[in-house]
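Engineer: What follows is a single structure, and I will ask about it in a moment.
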Amino acid sequence: MISLEQSRKSFHEVRGLPVQNFWKTVFQAQGRDDILGTPKFQNYLNWTPNRSNCPELEVLMEDLTESIPEEWRARGRRIFTGRNLRGEANAEAWQSGEIGVIELNYGFTSAAMIYMVLYSKYFEMIHTLGTEVDFSDDDEEIIRMVLEEIEKGGFEPILIAEEERKTWTANGRVFPAHRLLREIPDSRSEESYHESVRAIEEFAIAHEYAHHLLGHTNDEYPRSRYINRKLDTEMAKLGVDLSSYDVNEAQVDELRADSLALLMTSGRLMDQVSAPSIYRSMAGAIIGLTVLAHINETWVVSNAPDETHPDFITRYEVATALLKEMSRSMPIGQEGGHPFGFLAQLSGFVSLILDRWLTSHDDGHSPANILGLASWLFERSAEIHEELNQLKAVPERK
Ligand SMILES: [Zn+2]
């Protein structure tokens, strides 16, 4: 059986980290005596690792454990979640005997931060398109100039990220070398930016947590049979059938971990799905999957036996199908917002990233431009309106 003490001890030993606040270790490595010596930071820096070596992840783990039924929590409370500075930019679950660990590498967080900057800039571009550009303006030259300016704001950072990726892949480290990958646009508060980065981390951790719960790690965990059945039931209710996807066994496990992660982050397992929890799960999952695909270049992957992860397109399809079904019955917000609209916006962002990737890998592909994207989004928002109207007539599925 997993023991929290053993898990905590082993994680620190294996990774050669002192048992203390991860950020204290980082500041020590950087020689930041100014921060280390500041009295008001002492409480934070001297915080003692319990279920994580990072105070923020400790809270995330508590929240995720609250999101699963009481009978599953004993195992969850024994898992240790550790941040690590070195290693591949990803998250992973490891288990052996008494040790159950979720590891989150800083490269992943760094990539999540970059992608949130990209998304914020894309969001600003879409918003500007909708509010500031007067498409009825007779002066085409002005419209063209305005659009070019907007396009630069939204597209350029994505292009830069695509170029920098080669460096990340070469040395396994993700670092936002370019200024445009670090700057948060004025329209987004630092608070909301960091909250979104945390939502991306939460999805990654929930996915690894799900591997532990579903018994994908190598120990005997009898309850996992029951948890798997519960997942089957929920997925059937939500109308998602994984057997309709062309994937191998290992890839099915990944899709199941994604699915359980979404049931956790959305609050579905405890009947606590709300608009905020759905919006947060959507951002965390869709941008999180994009980050992973970008780092590992797994946009398109076959189901050959040696491929352990399904490609981005498949993971994205399963995630959006579940998220859509969970938010279908939600009322339209006061300002006309609905999770469907947000999902469409996220998929516009994903399409842009995919488009840039295709452009750099396929000579025959002509890149999208902002007008193409704008008209796609306008069409999509009309469709969503239509869909929402139809929904009002359909009884809710549970
Ligand atoms: Zn996985």
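Chain labels run A, B, ... following the order of the structure tokens; each chain numbers its residues from 1, and ligands are numbered from 1 in the order shown.
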Residues of segment 159-310 of chain A in helix (DSSP H, G or I) according to DSSP, as JSON, numbers by chain?

Structural biologist: {"A": [159, 160, 161, 162, 163, 164, 165, 166, 167, 168, 169, 170, 171, 179, 180, 181, 190, 191, 192, 193, 194, 195, 196, 197, 198, 199, 200, 201, 202, 203, 204, 205, 206, 207, 208, 209, 210, 211, 212, 213, 223, 224, 225, 226, 227, 228, 229, 230, 231, 232, 233, 234, 235, 236, 237, 242, 243, 244, 249, 250, 251, 252, 253, 254, 255, 256, 257, 258, 259, 260, 261, 262, 263, 264, 265, 266, 268, 269, 270, 275, 276, 277, 278, 279, 280, 281, 282, 283, 284, 285, 286, 287, 288, 289, 290, 291, 292, 293, 294, 295, 296]}

Engineer: Which residues of chain A come within 12 Å of ligand 1, and for each one, what is the closest pair of atoms and their distance in Å to one decimal, counting only C-alpha atoms and all ligand atoms, sorted by chain and residue number, as JSON lines?

Structural biologist:
```
{"residue": "A:Asn90", "atom": "CA", "partner": "ligand 1", "partner_atom_place_in_ligand_line": "1 (Zn)", "distance": 10.0}
{"residue": "A:Ala91", "atom": "CA", "partner": "ligand 1", "partner_atom_place_in_ligand_line": "1 (Zn)", "distance": 8.2}
{"residue": "A:Glu92", "atom": "CA", "partner": "ligand 1", "partner_atom_place_in_ligand_line": "1 (Zn)", "distance": 7.0}
{"residue": "A:Ala93", "atom": "CA", "partner": "ligand 1", "partner_atom_place_in_ligand_line": "1 (Zn)", "distance": 7.8}
{"residue": "A:Trp94", "atom": "CA", "partner": "ligand 1", "partner_atom_place_in_ligand_line": "1 (Zn)", "distance": 10.8}
{"residue": "A:Ile102", "atom": "CA", "partner": "ligand 1", "partner_atom_place_in_ligand_line": "1 (Zn)", "distance": 10.9}
{"residue": "A:Glu103", "atom": "CA", "partner": "ligand 1", "partner_atom_place_in_ligand_line": "1 (Zn)", "distance": 11.8}
{"residue": "A:Phe203", "atom": "CA", "partner": "ligand 1", "partner_atom_place_in_ligand_line": "1 (Zn)", "distance": 11.2}
{"residue": "A:Ala204", "atom": "CA", "partner": "ligand 1", "partner_atom_place_in_ligand_line": "1 (Zn)", "distance": 8.7}
{"residue": "A:Ile205", "atom": "CA", "partner": "ligand 1", "partner_atom_place_in_ligand_line": "1 (Zn)", "distance": 9.8}
{"residue": "A:Ala206", "atom": "CA", "partner": "ligand 1", "partner_atom_place_in_ligand_line": "1 (Zn)", "distance": 9.9}
{"residue": "A:His207", "atom": "CA", "partner": "ligand 1", "partner_atom_place_in_ligand_line": "1 (Zn)", "distance": 6.3}
{"residue": "A:Glu208", "atom": "CA", "partner": "ligand 1", "partner_atom_place_in_ligand_line": "1 (Zn)", "distance": 6.0}
{"residue": "A:Tyr209", "atom": "CA", "partner": "ligand 1", "partner_atom_place_in_ligand_line": "1 (Zn)", "distance": 9.4}
{"residue": "A:Ala210", "atom": "CA", "partner": "ligand 1", "partner_atom_place_in_ligand_line": "1 (Zn)", "distance": 8.6}
{"residue": "A:His211", "atom": "CA", "partner": "ligand 1", "partner_atom_place_in_ligand_line": "1 (Zn)", "distance": 6.7}
{"residue": "A:His212", "atom": "CA", "partner": "ligand 1", "partner_atom_place_in_ligand_line": "1 (Zn)", "distance": 10.0}
{"residue": "A:Leu214", "atom": "CA", "partner": "ligand 1", "partner_atom_place_in_ligand_line": "1 (Zn)", "distance": 11.2}
{"residue": "A:His216", "atom": "CA", "partner": "ligand 1", "partner_atom_place_in_ligand_line": "1 (Zn)", "distance": 9.1}
{"residue": "A:Thr217", "atom": "CA", "partner": "ligand 1", "partner_atom_place_in_ligand_line": "1 (Zn)", "distance": 10.3}
{"residue": "A:Ala250", "atom": "CA", "partner": "ligand 1", "partner_atom_place_in_ligand_line": "1 (Zn)", "distance": 9.1}
{"residue": "A:Gln251", "atom": "CA", "partner": "ligand 1", "partner_atom_place_in_ligand_line": "1 (Zn)", "distance": 8.7}
{"residue": "A:Val252", "atom": "CA", "partner": "ligand 1", "partner_atom_place_in_ligand_line": "1 (Zn)", "distance": 10.0}
{"residue": "A:Asp253", "atom": "CA", "partner": "ligand 1", "partner_atom_place_in_ligand_line": "1 (Zn)", "distance": 7.4}
{"residue": "A:Glu254", "atom": "CA", "partner": "ligand 1", "partner_atom_place_in_ligand_line": "1 (Zn)", "distance": 4.8}
{"residue": "A:Leu255", "atom": "CA", "partner": "ligand 1", "partner_atom_place_in_ligand_line": "1 (Zn)", "distance": 8.1}
{"residue": "A:Arg256", "atom": "CA", "partner": "ligand 1", "partner_atom_place_in_ligand_line": "1 (Zn)", "distance": 9.0}
{"residue": "A:Ala257", "atom": "CA", "partner": "ligand 1", "partner_atom_place_in_ligand_line": "1 (Zn)", "distance": 6.4}
{"residue": "A:Asp258", "atom": "CA", "partner": "ligand 1", "partner_atom_place_in_ligand_line": "1 (Zn)", "distance": 7.6}
{"residue": "A:Ser259", "atom": "CA", "partner": "ligand 1", "partner_atom_place_in_ligand_line": "1 (Zn)", "distance": 11.0}
{"residue": "A:Leu260", "atom": "CA", "partner": "ligand 1", "partner_atom_place_in_ligand_line": "1 (Zn)", "distance": 11.3}
{"residue": "A:Ala261", "atom": "CA", "partner": "ligand 1", "partner_atom_place_in_ligand_line": "1 (Zn)", "distance": 10.4}
{"residue": "A:Leu289", "atom": "CA", "partner": "ligand 1", "partner_atom_place_in_ligand_line": "1 (Zn)", "distance": 11.1}
{"residue": "A:Leu292", "atom": "CA", "partner": "ligand 1", "partner_atom_place_in_ligand_line": "1 (Zn)", "distance": 10.7}
{"residue": "A:Thr308", "atom": "CA", "partner": "ligand 1", "partner_atom_place_in_ligand_line": "1 (Zn)", "distance": 8.7}
{"residue": "A:His309", "atom": "CA", "partner": "ligand 1", "partner_atom_place_in_ligand_line": "1 (Zn)", "distance": 7.3}
{"residue": "A:Pro310", "atom": "CA", "partner": "ligand 1", "partner_atom_place_in_ligand_line": "1 (Zn)", "distance": 9.8}
{"residue": "A:Arg315", "atom": "CA", "partner": "ligand 1", "partner_atom_place_in_ligand_line": "1 (Zn)", "distance": 11.1}
```

Engineer: What does the distance from atom CA of Ala89 of chain A to atom CA of Ser67 of chain A come to in Å, to one decimal?

Structural biologist: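 Answer for the atom CA of Ala89 of chain A to atom CA of Ser67 of chain A separation: 26.5 Å.
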
Engineer: Quick one: distance from atom CA of Val101 of chain A to atom CA of Arg51 of chain A in Å, one decimal?

Structural biologist: 9.7 Å

Engineer: Show me, as a PyMOL selection string, the residues that have an atom within 12 Å of Lys9 of chain A when counting only C-alpha atoms, minus same-chain residues fewer than 5 positions from it.

Structural biologist: chain A and resi 3-4+14-20+49-53+79-82+98-101

Engineer: Write a file of the selected residues as an mmCIF file, in the first residue's frame, keeping N, CA and C atoms.

Structural biologist:
```cif
data_model
loop_
_atom_site.group_PDB
_atom_site.id
_atom_site.type_symbol
_atom_site.label_atom_id
_atom_site.label_comp_id
_atom_site.auth_asym_id
_atom_site.auth_seq_id
_atom_site.Cartn_x
_atom_site.Cartn_y
_atom_site.Cartn_z
ATOM 1 N N SER A 3 2.383 4.748 0.926
ATOM 2 C CA SER A 3 2.486 5.535 2.155
ATOM 3 C C SER A 3 2.964 6.939 1.784
ATOM 4 N N LEU A 4 2.298 7.943 2.374
ATOM 5 C CA LEU A 4 2.660 9.325 2.047
ATOM 6 C C LEU A 4 4.097 9.636 2.468
ATOM 7 N N VAL A 14 15.226 10.576 -4.817
ATOM 8 C CA VAL A 14 15.455 10.248 -6.227
ATOM 9 C C VAL A 14 15.806 11.504 -7.021
ATOM 10 N N ARG A 15 15.149 12.601 -6.720
ATOM 11 C CA ARG A 15 15.385 13.832 -7.479
ATOM 12 C C ARG A 15 16.480 14.717 -6.884
ATOM 13 N N GLY A 16 17.073 14.259 -5.789
ATOM 14 C CA GLY A 16 18.161 15.016 -5.176
ATOM 15 C C GLY A 16 17.736 16.403 -4.711
ATOM 16 N N LEU A 17 16.525 16.479 -4.157
ATOM 17 C CA LEU A 17 16.029 17.773 -3.679
ATOM 18 C C LEU A 17 15.931 17.761 -2.153
ATOM 19 N N PRO A 18 16.269 18.871 -1.474
ATOM 20 C CA PRO A 18 16.065 18.922 -0.023
ATOM 21 C C PRO A 18 14.569 18.950 0.298
ATOM 22 N N VAL A 19 14.178 18.376 1.435
ATOM 23 C CA VAL A 19 12.760 18.358 1.818
ATOM 24 C C VAL A 19 12.391 19.741 2.364
ATOM 25 N N GLN A 20 12.031 20.618 1.471
ATOM 26 C CA GLN A 20 11.615 21.968 1.849
ATOM 27 C C GLN A 20 10.802 22.564 0.705
ATOM 28 N N PRO A 49 6.865 20.732 3.399
ATOM 29 C CA PRO A 49 6.153 19.852 2.459
ATOM 30 C C PRO A 49 5.363 18.766 3.181
ATOM 31 N N ASN A 50 4.155 18.556 2.725
ATOM 32 C CA ASN A 50 3.360 17.461 3.258
ATOM 33 C C ASN A 50 2.947 16.559 2.098
ATOM 34 N N ARG A 51 1.873 16.976 1.385
ATOM 35 C CA ARG A 51 1.454 16.193 0.210
ATOM 36 C C ARG A 51 2.061 16.736 -1.063
ATOM 37 N N SER A 52 2.810 17.830 -0.948
ATOM 38 C CA SER A 52 3.528 18.386 -2.098
ATOM 39 C C SER A 52 4.710 19.182 -1.578
ATOM 40 N N ASN A 53 5.662 19.491 -2.459
ATOM 41 C CA ASN A 53 6.770 20.356 -2.049
ATOM 42 C C ASN A 53 6.492 21.803 -2.434
ATOM 43 N N ILE A 79 -0.771 10.031 -1.929
ATOM 44 C CA ILE A 79 0.077 10.360 -3.086
ATOM 45 C C ILE A 79 0.816 11.661 -2.838
ATOM 46 N N PHE A 80 2.086 11.680 -3.169
ATOM 47 C CA PHE A 80 2.867 12.911 -3.033
ATOM 48 C C PHE A 80 3.055 13.539 -4.410
ATOM 49 N N THR A 81 2.825 14.859 -4.498
ATOM 50 C CA THR A 81 2.985 15.564 -5.764
ATOM 51 C C THR A 81 4.160 16.523 -5.666
ATOM 52 N N GLY A 82 5.161 16.297 -6.513
ATOM 53 C CA GLY A 82 6.361 17.108 -6.409
ATOM 54 C C GLY A 82 6.671 17.906 -7.662
ATOM 55 N N GLU A 98 5.523 1.093 -1.828
ATOM 56 C CA GLU A 98 4.851 2.074 -0.968
ATOM 57 C C GLU A 98 4.876 3.488 -1.543
ATOM 58 N N ILE A 99 5.419 3.601 -2.761
ATOM 59 C CA ILE A 99 5.626 4.937 -3.306
ATOM 60 C C ILE A 99 4.623 5.286 -4.405
ATOM 61 N N GLY A 100 3.895 6.364 -4.195
ATOM 62 C CA GLY A 100 2.978 6.866 -5.213
ATOM 63 C C GLY A 100 3.230 8.345 -5.412
ATOM 64 N N VAL A 101 3.722 8.703 -6.569
ATOM 65 C CA VAL A 101 4.145 10.080 -6.794
ATOM 66 C C VAL A 101 3.549 10.647 -8.080
#
```

Engineer: Using only C-alpha atoms, I'd like a table of the residues in segment 262-306 of chain A that come within 10 Å of segment 345-355 of chain A; for each, show the closest atom pair and its distance in Å rounded to one decimal, ordered by chain and ascending number, as a Markdown table.

Structural biologist:
```
| residue | atom | partner | partner_atom | distance |
| --- | --- | --- | --- | --- |
| A:Met282 | CA | A:Leu346 | CA | 8.3 |
| A:Ala283 | CA | A:Leu346 | CA | 7.5 |
| A:Ile286 | CA | A:Leu346 | CA | 7.1 |
| A:Ile287 | CA | A:Leu346 | CA | 7.9 |
| A:Leu289 | CA | A:Val350 | CA | 9.8 |
| A:Thr290 | CA | A:Val350 | CA | 7.2 |
| A:His294 | CA | A:Ile353 | CA | 8.9 |
| A:Trp299 | CA | A:Leu354 | CA | 7.8 |
```
